[in-house]
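Have a look at query.pdb below; it lists PDB, C-alpha atoms.
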```pdb
MODEL        1
ATOM      1  CA  MET A   1     -15.488  -8.397  -6.136
ATOM      2  CA  ASP A   2     -16.839  -4.851  -6.416
ATOM      3  CA  LYS A   3     -14.790  -2.489  -8.550
ATOM      4  CA  ILE A   4     -12.190  -0.359  -6.776
ATOM      5  CA  ASP A   5     -10.701   2.663  -8.541
ATOM      6  CA  PHE A   6      -7.662   4.744  -7.590
ATOM      7  CA  VAL A   7      -7.590   8.556  -7.853
ATOM      8  CA  LEU A   8      -4.215  10.306  -8.029
ATOM      9  CA  PRO A   9      -3.960  14.115  -8.325
ATOM     10  CA  TRP A  10      -0.587  15.476  -9.437
ATOM     11  CA  VAL A  11       0.932  18.919  -9.847
ATOM     12  CA  ASP A  12       4.086  19.618 -11.819
ATOM     13  CA  GLY A  13       5.472  22.468  -9.760
ATOM     14  CA  SER A  14       8.100  23.208 -12.416
ATOM     15  CA  ASP A  15       5.561  23.886 -15.186
ATOM     16  CA  ALA A  16       6.224  27.495 -16.275
ATOM     17  CA  ASP A  17       2.641  28.071 -17.441
ATOM     18  CA  TRP A  18       1.231  26.767 -14.147
ATOM     19  CA  ILE A  19       3.668  28.927 -12.157
ATOM     20  CA  LYS A  20       2.725  31.975 -14.235
ATOM     21  CA  GLN A  21      -1.010  31.456 -13.687
ATOM     22  CA  ARG A  22      -0.545  30.784  -9.966
ATOM     23  CA  ASN A  23       1.621  33.878  -9.545
ATOM     24  CA  GLU A  24      -0.933  36.020 -11.357
ATOM     25  CA  TYR A  25      -3.597  35.060  -8.813
ATOM     26  CA  LEU A  26      -1.095  35.585  -6.001
ATOM     27  CA  GLY A  27      -0.268  39.023  -7.361
ATOM     28  CA  ILE A  28       3.365  38.074  -8.030
ATOM     29  CA  ARG A  29       4.838  39.384 -11.271
ATOM     30  CA  CYS A  30       7.866  37.128 -11.391
ATOM     31  CA  GLY A  31       9.762  34.562  -9.371
ATOM     32  CA  GLN A  32       9.702  30.837  -8.990
ATOM     33  CA  ASN A  33       7.493  28.628  -6.885
ATOM     34  CA  LEU A  34       9.315  27.656  -3.697
ATOM     35  CA  ASP A  35       6.547  25.737  -1.984
ATOM     36  CA  SER A  36       7.788  22.236  -1.089
ATOM     37  CA  ARG A  37       4.277  20.894  -1.630
ATOM     38  CA  PHE A  38       4.821  21.394  -5.379
ATOM     39  CA  ARG A  39       8.481  20.344  -5.680
ATOM     40  CA  ASP A  40       9.018  17.434  -8.072
ATOM     41  CA  TRP A  41      11.048  14.496  -6.755
ATOM     42  CA  GLU A  42      10.726  12.763 -10.127
ATOM     43  CA  ASN A  43       9.490   9.563  -8.507
ATOM     44  CA  LEU A  44       5.923   9.424  -9.827
ATOM     45  CA  GLN A  45       6.733   6.454 -12.060
ATOM     46  CA  TYR A  46       7.327   4.375  -8.925
ATOM     47  CA  TRP A  47       3.758   5.005  -7.840
ATOM     48  CA  PHE A  48       2.572   3.373 -11.059
ATOM     49  CA  ARG A  49       5.118   0.564 -10.748
ATOM     50  CA  GLY A  50       3.952  -0.151  -7.214
ATOM     51  CA  VAL A  51       0.307  -0.205  -8.287
ATOM     52  CA  GLU A  52       0.985  -2.602 -11.172
ATOM     53  CA  LYS A  53       3.169  -4.941  -9.112
ATOM     54  CA  PHE A  54       1.360  -4.945  -5.781
ATOM     55  CA  THR A  55      -2.293  -4.143  -6.682
ATOM     56  CA  PRO A  56      -2.809  -5.552 -10.191
ATOM     57  CA  TRP A  57      -6.509  -6.035  -9.365
ATOM     58  CA  VAL A  58      -7.257  -2.276  -9.433
ATOM     59  CA  ASN A  59     -10.166  -1.519 -11.747
ATOM     60  CA  HIS A  60      -9.115   1.902 -13.051
ATOM     61  CA  ILE A  61      -6.795   4.811 -12.274
ATOM     62  CA  TYR A  62      -7.901   8.427 -12.652
ATOM     63  CA  PHE A  63      -4.861  10.676 -12.977
ATOM     64  CA  VAL A  64      -5.939  14.220 -12.083
ATOM     65  CA  THR A  65      -3.878  17.108 -13.411
ATOM     66  CA  TRP A  66      -3.998  20.863 -14.063
ATOM     67  CA  GLY A  67      -2.944  20.016 -17.597
ATOM     68  CA  HIS A  68       0.646  18.890 -17.398
ATOM     69  CA  ILE A  69       1.368  15.225 -18.097
ATOM     70  CA  PRO A  70       4.648  13.348 -17.528
ATOM     71  CA  LEU A  71       6.412  12.688 -20.828
ATOM     72  CA  TRP A  72       6.848   9.032 -19.927
ATOM     73  CA  LEU A  73       3.174   8.353 -19.130
ATOM     74  CA  ASN A  74       1.353   5.899 -21.391
ATOM     75  CA  ARG A  75      -1.939   7.725 -21.839
ATOM     76  CA  ASN A  76      -3.334   4.851 -23.916
ATOM     77  CA  HIS A  77      -3.191   2.359 -21.078
ATOM     78  CA  PRO A  78      -6.644   0.734 -20.807
ATOM     79  CA  LYS A  79      -6.708   1.195 -17.032
ATOM     80  CA  LEU A  80      -5.761   4.875 -17.115
ATOM     81  CA  THR A  81      -7.800   8.037 -17.645
ATOM     82  CA  VAL A  82      -6.185  11.475 -17.524
ATOM     83  CA  VAL A  83      -8.618  13.903 -15.919
ATOM     84  CA  LYS A  84      -8.022  17.636 -16.168
ATOM     85  CA  HIS A  85      -9.478  19.954 -13.541
ATOM     86  CA  GLU A  86     -12.005  21.382 -15.984
ATOM     87  CA  ASP A  87     -13.218  17.850 -16.763
ATOM     88  CA  TYR A  88     -14.852  17.457 -13.359
ATOM     89  CA  ILE A  89     -14.506  20.555 -11.171
ATOM     90  CA  PRO A  90     -17.346  23.067 -11.715
ATOM     91  CA  GLU A  91     -16.248  26.094 -13.726
ATOM     92  CA  GLN A  92     -16.933  28.573 -10.920
ATOM     93  CA  TYR A  93     -14.171  26.975  -8.824
ATOM     94  CA  LEU A  94     -11.454  27.245 -11.479
ATOM     95  CA  PRO A  95      -8.621  27.838 -11.659
ATOM     96  CA  THR A  96      -7.705  26.478  -8.240
ATOM     97  CA  PHE A  97      -4.337  26.254  -6.526
ATOM     98  CA  SER A  98      -5.684  24.550  -3.437
ATOM     99  CA  SER A  99      -5.932  20.792  -3.044
ATOM    100  CA  HIS A 100      -9.335  21.140  -1.360
ATOM    101  CA  PRO A 101     -11.554  21.791  -4.424
ATOM    102  CA  ILE A 102      -9.614  19.044  -6.212
ATOM    103  CA  GLU A 103     -10.429  16.617  -3.387
ATOM    104  CA  LEU A 104     -13.939  17.690  -2.476
ATOM    105  CA  ASN A 105     -15.219  17.282  -6.038
ATOM    106  CA  MET A 106     -13.726  13.857  -6.768
ATOM    107  CA  HIS A 107     -17.165  12.251  -6.857
ATOM    108  CA  ARG A 108     -17.857  14.232 -10.047
ATOM    109  CA  ILE A 109     -15.171  12.365 -12.026
ATOM    110  CA  LYS A 110     -16.984  10.678 -14.906
ATOM    111  CA  GLY A 111     -16.984   6.892 -14.587
ATOM    112  CA  LEU A 112     -15.611   6.789 -11.038
ATOM    113  CA  SER A 113     -16.776   3.708  -9.146
ATOM    114  CA  GLU A 114     -18.647   3.824  -5.826
ATOM    115  CA  GLN A 115     -15.566   2.421  -4.091
ATOM    116  CA  PHE A 116     -12.401   4.390  -4.709
ATOM    117  CA  VAL A 117      -9.094   5.118  -3.013
ATOM    118  CA  TYR A 118      -7.581   8.598  -2.940
ATOM    119  CA  PHE A 119      -3.777   8.905  -3.041
ATOM    120  CA  ASN A 120      -1.492  11.869  -2.679
ATOM    121  CA  ASP A 121       1.445  11.714  -5.081
ATOM    122  CA  ASP A 122       3.870  11.211  -2.180
ATOM    123  CA  THR A 123       2.104   8.036  -1.028
ATOM    124  CA  PHE A 124       3.391   4.781  -2.486
ATOM    125  CA  ILE A 125       2.320   1.139  -2.403
ATOM    126  CA  ILE A 126       5.494  -0.791  -1.567
ATOM    127  CA  ASN A 127       4.202  -4.265  -0.755
ATOM    128  CA  LYS A 128       1.503  -6.666  -1.880
ATOM    129  CA  MET A 129      -2.017  -5.537  -1.064
ATOM    130  CA  GLU A 130      -5.422  -7.131  -1.449
ATOM    131  CA  PRO A 131      -8.761  -5.431  -2.148
ATOM    132  CA  GLU A 132      -9.679  -6.230   1.482
ATOM    133  CA  ASP A 133      -6.919  -3.869   2.621
ATOM    134  CA  PHE A 134      -9.061  -1.030   1.271
ATOM    135  CA  PHE A 135     -12.649  -2.317   1.418
ATOM    136  CA  ARG A 136     -14.460  -5.092   3.269
ATOM    137  CA  LYS A 137     -18.175  -5.873   3.079
ATOM    138  CA  GLY A 138     -18.518  -2.923   0.708
ATOM    139  CA  LEU A 139     -17.149  -0.491   3.325
ATOM    140  CA  PRO A 140     -13.847   1.429   3.522
ATOM    141  CA  ARG A 141     -11.164  -0.012   5.796
ATOM    142  CA  ASP A 142     -10.108   2.675   8.253
ATOM    143  CA  TYR A 143      -9.144   3.320  11.836
ATOM    144  CA  CYS A 144     -11.499   5.561  13.745
ATOM    145  CA  ILE A 145      -9.336   6.809  16.614
ATOM    146  CA  GLU A 146     -10.312  10.015  18.367
ATOM    147  CA  THR A 147      -7.486  12.207  19.536
ATOM    148  CA  ALA A 148      -6.755  15.644  20.930
ATOM    149  CA  LEU A 149      -5.853  18.238  18.323
ATOM    150  CA  VAL A 150      -2.521  20.033  18.778
ATOM    151  CA  GLN A 151      -0.682  22.637  16.752
ATOM    152  CA  ASP A 152       3.034  23.450  16.726
ATOM    153  CA  ASP A 153       3.238  25.943  13.863
ATOM    154  CA  ILE A 154       1.147  29.118  13.923
ATOM    155  CA  ASN A 155       1.738  29.603  10.182
ATOM    156  CA  ASN A 156       0.378  26.178   9.215
ATOM    157  CA  PRO A 157      -3.415  26.163   8.737
ATOM    158  CA  PHE A 158      -3.683  22.351   8.792
ATOM    159  CA  ALA A 159      -4.760  22.031  12.428
ATOM    160  CA  SER A 160      -7.404  24.696  11.896
ATOM    161  CA  ILE A 161      -8.712  22.808   8.879
ATOM    162  CA  LEU A 162      -8.943  19.576  10.882
ATOM    163  CA  MET A 163     -10.816  21.480  13.597
ATOM    164  CA  ASN A 164     -13.270  22.690  10.962
ATOM    165  CA  ASP A 165     -13.761  19.105   9.748
ATOM    166  CA  ALA A 166     -14.625  17.995  13.282
ATOM    167  CA  ALA A 167     -16.869  21.006  13.838
ATOM    168  CA  LEU A 168     -18.897  20.174  10.753
ATOM    169  CA  VAL A 169     -19.622  16.597  11.841
ATOM    170  CA  ASN A 170     -20.340  17.778  15.405
ATOM    171  CA  MET A 171     -23.062  19.989  13.930
ATOM    172  CA  HIS A 172     -24.776  16.911  12.498
ATOM    173  CA  TYR A 173     -24.076  14.056  14.883
ATOM    174  CA  SER A 174     -24.263  13.327  18.603
ATOM    175  CA  LYS A 175     -21.020  11.805  19.852
ATOM    176  CA  LYS A 176     -22.876   9.760  22.445
ATOM    177  CA  GLU A 177     -25.234   8.298  19.843
ATOM    178  CA  VAL A 178     -22.484   7.623  17.294
ATOM    179  CA  ILE A 179     -20.449   5.615  19.794
ATOM    180  CA  ARG A 180     -23.508   3.798  21.134
ATOM    181  CA  ARG A 181     -24.473   2.632  17.641
ATOM    182  CA  ASN A 182     -20.977   1.553  16.648
ATOM    183  CA  TRP A 183     -19.217   0.711  19.916
ATOM    184  CA  ARG A 184     -17.802  -2.539  18.550
ATOM    185  CA  LYS A 185     -16.022  -0.600  15.813
ATOM    186  CA  TRP A 186     -15.089   2.205  18.186
ATOM    187  CA  PHE A 187     -13.245  -0.109  20.579
ATOM    188  CA  HIS A 188     -12.031  -2.708  18.107
ATOM    189  CA  PRO A 189      -8.956  -4.703  19.237
ATOM    190  CA  VAL A 190      -7.290  -4.236  15.831
ATOM    191  CA  TYR A 191      -6.447  -0.675  16.952
ATOM    192  CA  GLY A 192      -4.037  -2.107  19.544
ATOM    193  CA  THR A 193      -3.036   0.282  22.305
ATOM    194  CA  MET A 194      -4.544   3.187  20.366
ATOM    195  CA  VAL A 195      -7.969   1.975  21.468
ATOM    196  CA  PHE A 196      -7.177   3.685  24.772
ATOM    197  CA  ARG A 197      -7.325   7.049  23.012
ATOM    198  CA  ASN A 198     -11.011   6.451  22.332
ATOM    199  CA  MET A 199     -11.498   5.544  25.983
ATOM    200  CA  LEU A 200      -9.664   8.637  27.222
ATOM    201  CA  MET A 201     -11.735  10.911  24.981
ATOM    202  CA  LEU A 202     -15.070   9.509  26.171
ATOM    203  CA  PRO A 203     -15.713  12.205  28.825
ATOM    204  CA  TYR A 204     -15.661  14.970  26.221
ATOM    205  CA  ARG A 205     -19.111  15.847  24.921
ATOM    206  CA  GLU A 206     -18.082  16.429  21.309
ATOM    207  CA  PHE A 207     -15.465  15.076  18.934
ATOM    208  CA  SER A 208     -12.143  16.882  19.069
ATOM    209  CA  SER A 209     -10.367  15.323  16.101
ATOM    210  CA  PHE A 210      -9.231  11.969  14.764
ATOM    211  CA  LYS A 211      -5.879  10.395  14.122
ATOM    212  CA  TYR A 212      -5.043  11.216  10.532
ATOM    213  CA  SER A 213      -3.276   8.622   8.498
ATOM    214  CA  HIS A 214      -1.443  10.662   5.852
ATOM    215  CA  ILE A 215      -1.622   7.596   3.651
ATOM    216  CA  SER A 216      -4.234   6.547   1.091
ATOM    217  CA  SER A 217      -7.917   7.086   1.935
ATOM    218  CA  PRO A 218     -10.697   4.704   0.821
ATOM    219  CA  PHE A 219     -14.014   6.427   0.160
ATOM    220  CA  LEU A 220     -17.557   5.762  -0.925
ATOM    221  CA  LYS A 221     -18.622   8.124  -3.693
ATOM    222  CA  SER A 222     -22.057   8.282  -2.082
ATOM    223  CA  THR A 223     -20.479   9.859   1.023
ATOM    224  CA  PHE A 224     -19.326  12.838  -1.055
ATOM    225  CA  GLU A 225     -22.774  13.151  -2.588
ATOM    226  CA  LYS A 226     -24.430  13.126   0.830
ATOM    227  CA  VAL A 227     -22.076  15.706   2.377
ATOM    228  CA  TRP A 228     -22.571  17.981  -0.625
ATOM    229  CA  SER A 229     -26.334  17.653  -0.298
ATOM    230  CA  GLU A 230     -26.234  18.556   3.406
ATOM    231  CA  GLU A 231     -23.441  21.142   3.485
ATOM    232  CA  GLU A 232     -23.340  22.623  -0.003
ATOM    233  CA  GLU A 233     -22.948  26.175   1.298
ATOM    234  CA  VAL A 234     -19.790  25.328   3.256
ATOM    235  CA  LEU A 235     -18.241  23.219   0.502
ATOM    236  CA  ASP A 236     -19.104  25.830  -2.117
ATOM    237  CA  ARG A 237     -17.351  28.525  -0.081
ATOM    238  CA  VAL A 238     -14.246  26.364   0.355
ATOM    239  CA  CYS A 239     -14.116  25.504  -3.352
ATOM    240  CA  ARG A 240     -14.333  29.182  -4.322
ATOM    241  CA  THR A 241     -11.179  29.882  -2.293
ATOM    242  CA  ARG A 242      -8.311  29.552  -4.775
ATOM    243  CA  PHE A 243      -5.614  29.005  -2.141
ATOM    244  CA  ARG A 244      -5.622  27.022   1.096
ATOM    245  CA  SER A 245      -7.177  28.894   3.975
ATOM    246  CA  ALA A 246      -7.523  28.282   7.713
ATOM    247  CA  GLY A 247     -11.289  28.501   7.194
ATOM    248  CA  ASP A 248     -11.380  25.479   4.870
ATOM    249  CA  VAL A 249     -12.487  21.898   5.291
ATOM    250  CA  ASN A 250     -10.704  19.161   3.344
ATOM    251  CA  GLN A 251     -11.223  15.555   2.292
ATOM    252  CA  TYR A 252     -10.934  14.397   5.909
ATOM    253  CA  VAL A 253     -14.458  15.653   6.503
ATOM    254  CA  MET A 254     -15.577  12.816   4.216
ATOM    255  CA  LYS A 255     -13.659  10.306   6.345
ATOM    256  CA  TYR A 256     -15.229  11.732   9.495
ATOM    257  CA  TRP A 257     -18.683  11.472   7.960
ATOM    258  CA  GLN A 258     -18.040   7.801   7.267
ATOM    259  CA  TYR A 259     -17.001   7.366  10.911
ATOM    260  CA  MET A 260     -20.178   9.038  12.108
ATOM    261  CA  GLU A 261     -22.387   6.713  10.084
ATOM    262  CA  GLY A 262     -20.389   3.575  10.840
ATOM    263  CA  LYS A 263     -19.571   3.198   7.157
ATOM    264  CA  TYR A 264     -16.131   1.700   7.695
ATOM    265  CA  GLU A 265     -14.530  -1.570   8.746
ATOM    266  CA  PRO A 266     -11.827  -1.281  11.437
ATOM    267  CA  GLN A 267      -8.221  -1.637  10.322
ATOM    268  CA  SER A 268      -4.849  -1.620  12.058
ATOM    269  CA  PRO A 269      -2.957   1.698  11.884
ATOM    270  CA  LYS A 270       0.173  -0.349  11.157
ATOM    271  CA  ILE A 271      -0.817  -0.821   7.515
ATOM    272  CA  GLY A 272       1.135   2.298   6.552
ATOM    273  CA  LYS A 273       3.818   4.725   7.661
ATOM    274  CA  PHE A 274       4.206   8.494   7.406
ATOM    275  CA  LEU A 275       7.862   9.593   7.341
ATOM    276  CA  THR A 276       9.390  13.002   6.716
ATOM    277  CA  ILE A 277      12.439  13.744   4.595
ATOM    278  CA  SER A 278      15.381  15.240   6.535
ATOM    279  CA  ILE A 279      13.913  13.915   9.803
ATOM    280  CA  HIS A 280      13.501  10.212   9.024
ATOM    281  CA  ASP A 281      15.879   9.732   6.075
ATOM    282  CA  GLU A 282      17.464   6.516   7.317
ATOM    283  CA  GLN A 283      14.078   5.097   8.282
ATOM    284  CA  ILE A 284      12.607   5.981   4.876
ATOM    285  CA  HIS A 285      15.290   4.060   2.995
ATOM    286  CA  ASP A 286      15.118   1.112   5.407
ATOM    287  CA  THR A 287      11.316   0.965   5.151
ATOM    288  CA  LEU A 288      11.437   1.152   1.353
ATOM    289  CA  ARG A 289      14.196  -1.353   0.725
ATOM    290  CA  ASN A 290      12.881  -3.868   3.252
ATOM    291  CA  GLN A 291       9.210  -3.214   2.464
ATOM    292  CA  LYS A 292       8.359  -2.844   6.150
ATOM    293  CA  CYS A 293       4.778  -1.723   5.531
ATOM    294  CA  LYS A 294       2.258  -1.768   2.698
ATOM    295  CA  ILE A 295       1.855   1.964   2.107
ATOM    296  CA  LEU A 296       4.498   4.628   2.678
ATOM    297  CA  CYS A 297       3.987   8.397   2.640
ATOM    298  CA  ILE A 298       7.249  10.268   2.072
ATOM    299  CA  ASN A 299       6.541  13.781   3.294
ATOM    300  CA  ASP A 300       8.524  16.692   1.889
ATOM    301  CA  THR A 301       9.623  19.665   3.988
ATOM    302  CA  GLU A 302      10.858  23.122   3.126
ATOM    303  CA  ASN A 303      14.489  24.244   3.300
ATOM    304  CA  ILE A 304      16.094  20.807   3.126
ATOM    305  CA  SER A 305      19.748  20.674   2.152
ATOM    306  CA  ASP A 306      21.205  18.757  -0.801
ATOM    307  CA  PHE A 307      17.893  18.356  -2.620
ATOM    308  CA  GLU A 308      19.447  16.779  -5.729
ATOM    309  CA  ALA A 309      21.489  14.285  -3.680
ATOM    310  CA  ARG A 310      18.460  13.326  -1.596
ATOM    311  CA  LYS A 311      16.373  12.911  -4.755
ATOM    312  CA  ARG A 312      19.036  10.638  -6.260
ATOM    313  CA  ASN A 313      19.208   8.517  -3.104
ATOM    314  CA  MET A 314      15.423   8.226  -3.027
ATOM    315  CA  ARG A 315      15.310   6.993  -6.606
ATOM    316  CA  GLU A 316      17.983   4.398  -5.823
ATOM    317  CA  SER A 317      15.885   3.000  -2.972
ATOM    318  CA  PHE A 318      12.802   2.850  -5.205
ATOM    319  CA  GLU A 319      14.833   1.116  -7.918
ATOM    320  CA  TYR A 320      15.865  -1.501  -5.381
ATOM    321  CA  ILE A 321      12.277  -2.815  -5.094
ATOM    322  CA  LEU A 322      10.734  -1.509  -8.340
ATOM    323  CA  PRO A 323      13.404  -1.655 -11.059
ATOM    324  CA  LYS A 324      11.113  -2.803 -13.865
ATOM    325  CA  LYS A 325       9.126  -0.323 -15.945
ATOM    326  CA  SER A 326       5.366  -0.654 -15.658
ATOM    327  CA  THR A 327       3.021  -0.785 -18.628
ATOM    328  CA  PHE A 328       1.955   2.732 -17.584
ATOM    329  CA  GLU A 329       5.349   3.958 -18.830
ATOM    330  CA  LEU A 330       6.314   4.471 -22.471
TER     331      LEU A 330
ENDMDL
END
```
Let me see the file written as structure tokens.
Amino acid sequence: MDKIDFVLPWVDGSDADWIKQRNEYLGIRCGQNLDSRFRDWENLQYWFRGVEKFTPWVNHIYFVTWGHIPLWLNRNHPKLTVVKHEDYIPEQYLPTFSSHPIELNMHRIKGLSEQFVYFNDDTFIINKMEPEDFFRKGLPRDYCIETALVQDDINNPFASILMNDAALVNMHYSKKEVIRRNWRKWFHPVYGTMVFRNMLMLPYREFSSFKYSHISSPFLKSTFEKVWSEEEEVLDRVCRTRFRSAGDVNQYVMKYWQYMEGKYEPQSPKIGKFLTISIHDEQIHDTLRNQKCKILCINDTENISDFEARKRNMRESFEYILPKKSTFEL
């Protein structure tokens, strides 16, 4: 079996030094960080417990951090390397408070294997998984499902970023030729009824966007190297932007590039779920406790009520399936 590494970036949004530096670049003299993307649910240990219990075959874990490290983390674990931003991100892009330079430079992590899986820290393995769930025949497992791009929040740049990702691959690849070369993957029965999305989008000359998973993403390191070699100017500009911008591209452009070149093996979208706190609370706890999928993304939202109570309930559900400390914990 080829080696498969996991990459997990993490930000401690309560770190006073990090908040101070971020506020300096924002031009804020005082005040706390209120961005839900950096709020700490204190559940990171369950990510490590899930990895150890359900994917013990993982080759190595690269834990990416601004500098803060959980007090409970066993830094001497033979399968763990703590990677600070300055260890792999070029100096001209630092400091950064955007996830995009952190993601787009992952291929520079020293020792990273050709096959690796990128996780957000809100994405947990909650059931047994095999290497073939992430890679088959040396290629990432993924679902390439074209879809229309919609936006329901004018203040959220995410849809614009996805549009930029699609625009960049449209500049390099002919939709007609891509589908002709890989039609068996494009219309694979494992997609279920979602295969009809690819059929419905056929009349459009260029790619609009693709269904995004919001779970873990398997990548080939060589894909990052190729995109950097062909679009260094764009990626350089994005990485020099310290905060997320509507003009950015993100790690999805690497997924799209893999789609364009047929460097993926089709997979069912049912492998994981994306659920949002305060909207799907009951479903989150049911999915966790009954392990109804393999990978679960628990999405945070701003302005939720009873944060401490919700955090306590979340930990109780994690404890139900992962009560035992992992060897990654002191």
Checklist outcome for this item: Counting only C-alpha atoms, closest pick from A:Phe158, A:Phe187, A:Phe207, A:Phe307 relative to Asn170 of chain A is A:Phe207
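Minimum distance to Val150 of chain A across A:Thr301, A:Thr193, A:Ser209, A:Asn23 (counting all atoms listed in the file) occurs at A:Ser209.
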Which residues, written as a tab-separated table (two decimals) with C-alpha atoms, keeping the file's coordinate frame, have at least one atom at most 7 Å from segment 125-142 of chain A, with only C-alpha atoms counted and residues fewer than 6 positions away on the same chain left out?
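Contents of part_7.tsv, as written:
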```tsv
chain	number	residue	atom	x	y	z
A	47	TRP	CA	3.76	5.00	-7.84
A	50	GLY	CA	3.95	-0.15	-7.21
A	51	VAL	CA	0.31	-0.20	-8.29
A	54	PHE	CA	1.36	-4.94	-5.78
A	55	THR	CA	-2.29	-4.14	-6.68
A	218	PRO	CA	-10.70	4.70	0.82
A	219	PHE	CA	-14.01	6.43	0.16
A	263	LYS	CA	-19.57	3.20	7.16
A	264	TYR	CA	-16.13	1.70	7.70
A	265	GLU	CA	-14.53	-1.57	8.75
A	266	PRO	CA	-11.83	-1.28	11.44
A	267	GLN	CA	-8.22	-1.64	10.32
A	288	LEU	CA	11.44	1.15	1.35
A	291	GLN	CA	9.21	-3.21	2.46
A	293	CYS	CA	4.78	-1.72	5.53
A	294	LYS	CA	2.26	-1.77	2.70
A	295	ILE	CA	1.86	1.96	2.11
A	296	LEU	CA	4.50	4.63	2.68
```
Resolved residues for the PyMOL selection byres ((chain A and resi 246) around 12) as a tab-separated table (two decimals) with C-alpha atoms, in the coordinates of the input:
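And here is the file that came out, out-v4.tsv:
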```
chain	number	residue	atom	x	y	z
A	98	SER	CA	-5.68	24.55	-3.44
A	100	HIS	CA	-9.34	21.14	-1.36
A	154	ILE	CA	1.15	29.12	13.92
A	155	ASN	CA	1.74	29.60	10.18
A	156	ASN	CA	0.38	26.18	9.22
A	157	PRO	CA	-3.42	26.16	8.74
A	158	PHE	CA	-3.68	22.35	8.79
A	159	ALA	CA	-4.76	22.03	12.43
A	160	SER	CA	-7.40	24.70	11.90
A	161	ILE	CA	-8.71	22.81	8.88
A	162	LEU	CA	-8.94	19.58	10.88
A	163	MET	CA	-10.82	21.48	13.60
A	164	ASN	CA	-13.27	22.69	10.96
A	165	ASP	CA	-13.76	19.10	9.75
A	238	VAL	CA	-14.25	26.36	0.36
A	241	THR	CA	-11.18	29.88	-2.29
A	243	PHE	CA	-5.61	29.00	-2.14
A	244	ARG	CA	-5.62	27.02	1.10
A	245	SER	CA	-7.18	28.89	3.98
A	247	GLY	CA	-11.29	28.50	7.19
A	248	ASP	CA	-11.38	25.48	4.87
A	249	VAL	CA	-12.49	21.90	5.29
A	250	ASN	CA	-10.70	19.16	3.34
```
What residues come out when you apply the PyMOL selection byres ((chain A and resi 2) around 8) to this file, written as an mmCIF file with C-alpha atoms, keeping the file's coordinate frame?
```
data_model
loop_
_atom_site.group_PDB
_atom_site.id
_atom_site.type_symbol
_atom_site.label_atom_id
_atom_site.label_comp_id
_atom_site.auth_asym_id
_atom_site.auth_seq_id
_atom_site.Cartn_x
_atom_site.Cartn_y
_atom_site.Cartn_z
ATOM 1 C CA MET A 1 -15.488 -8.397 -6.136
ATOM 2 C CA LYS A 3 -14.790 -2.489 -8.550
ATOM 3 C CA ILE A 4 -12.190 -0.359 -6.776
ATOM 4 C CA GLN A 115 -15.566 2.421 -4.091
ATOM 5 C CA GLY A 138 -18.518 -2.923 0.708
#
```
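Between atom CA of Asp286 of chain A and atom CA of Tyr46 of chain A lies a distance of 16.6 Å.
From atom CA of Asn105 of chain A back to atom CA of Val64 of chain A, the distance works out to 11.5 Å.
In this structure, atom CA of Glu230 of chain A sits 11.1 Å away from atom CA of Met171 of chain A.
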